[in-house]
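Trainee: Okay, here's the structure, questions in a sec.
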Amino acid sequence: MAINESTAAQRTLEALGLTEEAMPLPRVVALIPLALARLVTLARTDPEVREALRREFSLTAAAGRAELTDAITAGLAVDELRTAQLYLPSGLGPAEWEPDRETLGLMAEVGHFGFAREGSALYFSDPVTGAVGTLSGEVTMRALATPTITAGTINIAPRLAPVLVGELSALVVASKEVTA
């Protein structure tokens, strides 16, 4: 589902009992990206939000490495990768998150499917060879993603629209830009 930025802003003003004279719509719209980022933070403690923000990304591993650039552009919440679920086409997974490549190398052994992030790439341990740097092929990743905005439309799950309005409301109140 999608919701228009203006609609989200209007619902926020209605929820707060404010008029556009008290808080112009463009000011509320300007807060939407921050409210969307706050949804990812909320997902840490709210399983319903977490599940609604999970998206599936297809990665291509070559020599044990997969670039995340396209996934990041599509909203991947990089700071939340430790909660990602990665699977191989064989169904093997989820992969085990390792905090860095060094730990990934130490944990690598036959049967261990692990991953670590460095920069804009993921590195994998190969469960077949037990080595880092040999896995090649498709990897499916289910991970948290910040909802995106395209041409004034927020791409968000329907059940998150009221949560977004709540986050926007909190930001409007905190902005102290409301003039009575």
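Chain identifiers are assigned as A, B, and so on, following the order in which chains appear in the structure tokens; residues are numbered from 1 within each chain, and ligands are numbered from 1 in order of appearance.
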At a cut-off of 8 Å, using only C-alpha atoms, what residues contact Pro147 (chain A)? Leave out same-chain residues fewer than 4 positions from it and give the result as a PyMOL selection string.

Mentor: chain A and resi 36+53+75+154-156

Trainee: Which neighbours of Leu34 (chain A) fall inside 9 Å, counting only C-alpha atoms, when residues of the same chain fewer than 5 positions from it are skipped, and could you give them as a list in words?

Mentor: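 Skipping anything fewer than 5 positions along the chain leaves Leu39, Glu167, Leu168 and Leu171 of chain A.
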
Trainee: Restricting the output to C-alpha atoms, write the selected residues as a compact mmCIF listing (two decimals), in the first residue's frame.

Mentor:
# COMPACT_ATOMS: atom_id res chain seq x y z
CA LEU A 39 9.78 3.22 12.46
CA GLU A 167 5.58 9.14 14.94
CA LEU A 168 4.93 12.24 12.85
CA LEU A 171 7.95 14.94 15.83

Trainee: For Ser90 (chain A), which of A:Val139, A:Ala2, A:Leu31, A:Ala77 is the closest residue, counting only C-alpha atoms?

Mentor: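 That would be A:Val139, the residue with the smallest distance to Ser90 (chain A).
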
Trainee: How many Å lie between CA of Glu5 (chain A) and CA of Ala52 (chain A), rounded to one decimal?

Mentor: 19.1 Å

Trainee: Write out as a count of residues only each polymer residue whose atoms come within 12 Å of Met107 (chain A), counting only C-alpha atoms; drop sequence neighbours fewer than 6 positions from it.

Mentor: 17

Trainee: Using only C-alpha atoms, can you tell me which of A:Ser169, A:Ser120, A:Gln10, A:Thr134 comes closest to Gly105 (chain A)?

Mentor: A:Thr134

Trainee: List every residue of chain A that DSSP, applied to the backbone, labels as strand (DSSP E), and write the result as an MDAnalysis selection string.

Mentor: chainID A and resid 2:4 54:61 65:67 85:87 96:97 114:118 121:124 137:144 149:150 153:155

Trainee: Put those residues in a file: C-alpha atoms, as a compact mmCIF listing (two decimals), in the first residue's frame.

Mentor:
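Dumped everything to out_20.txt:
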# COMPACT_ATOMS: atom_id res chain seq x y z
CA ALA A 2 0.99 3.57 -0.33
CA ILE A 3 -0.05 6.81 1.29
CA ASN A 4 0.46 10.26 -0.13
CA ARG A 54 10.79 -6.78 6.58
CA ARG A 55 11.50 -6.91 2.87
CA GLU A 56 13.05 -9.55 0.71
CA PHE A 57 16.25 -8.71 -1.15
CA SER A 58 18.02 -10.90 -3.69
CA LEU A 59 21.81 -10.82 -3.46
CA THR A 60 24.38 -12.36 -5.77
CA ALA A 61 27.44 -13.73 -4.02
CA ARG A 65 31.05 -11.46 -1.24
CA ALA A 66 27.80 -9.66 -2.18
CA GLU A 67 27.37 -5.94 -2.78
CA GLN A 85 17.53 -13.71 7.76
CA LEU A 86 19.65 -15.05 4.88
CA TYR A 87 18.93 -18.26 3.00
CA GLU A 96 24.41 -16.60 11.51
CA TRP A 97 25.38 -12.94 11.93
CA GLY A 114 27.51 -17.11 8.43
CA PHE A 115 27.76 -13.54 7.25
CA ALA A 116 29.39 -10.28 8.25
CA ARG A 117 29.19 -6.77 6.86
CA GLU A 118 32.11 -4.64 5.89
CA ALA A 121 29.25 -5.57 1.20
CA LEU A 122 28.36 -8.79 2.95
CA TYR A 123 30.88 -11.60 3.29
CA PHE A 124 29.86 -15.23 3.72
CA GLY A 137 25.29 -17.82 -6.24
CA GLU A 138 22.00 -16.35 -5.12
CA VAL A 139 21.33 -15.48 -1.49
CA THR A 140 17.87 -14.41 -0.32
CA MET A 141 17.85 -11.89 2.49
CA ARG A 142 14.81 -10.87 4.57
CA ALA A 143 15.77 -7.69 6.38
CA LEU A 144 14.37 -4.51 7.83
CA ILE A 149 9.11 7.73 -0.84
CA THR A 150 8.53 7.87 -4.59
CA THR A 153 4.03 8.64 -2.23
CA ILE A 154 5.15 6.76 0.89
CA ASN A 155 5.43 3.01 0.23

Trainee: Run DSSP on the backbone of this structure and report the residues of region 19-117 of chain A it assigns to alpha helix (DSSP H), as a PyMOL selection string.

Mentor: chain A and resi 25-30+32-43+47-53+69-73+101-107

Trainee: To one decimal in Å, tell me the separation between CA of Ala145 (chain A) and CA of Leu104 (chain A).

Mentor: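 Answer for the CA of Ala145 (chain A) to CA of Leu104 (chain A) separation: 24.0 Å.
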
Trainee: What is the distance between CA of Arg159 (chain A) and CA of Asp46 (chain A), in Å to one decimal?

Mentor: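 If I compute the distance from CA of Arg159 (chain A) to CA of Asp46 (chain A), I get 13.0 Å.
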
Trainee: Would you please work out which residue, of A:Gly111, A:Thr45, A:Thr12, A:Val40, is nearest to Leu81 (chain A) when using only C-alpha atoms?

Mentor: A:Val40

Trainee: When distances are computed from only C-alpha atoms, which of A:Ala108, A:Leu164, A:Ala74, A:Ala9 shows the smallest separation from Leu42 (chain A)?

Mentor: A:Leu164
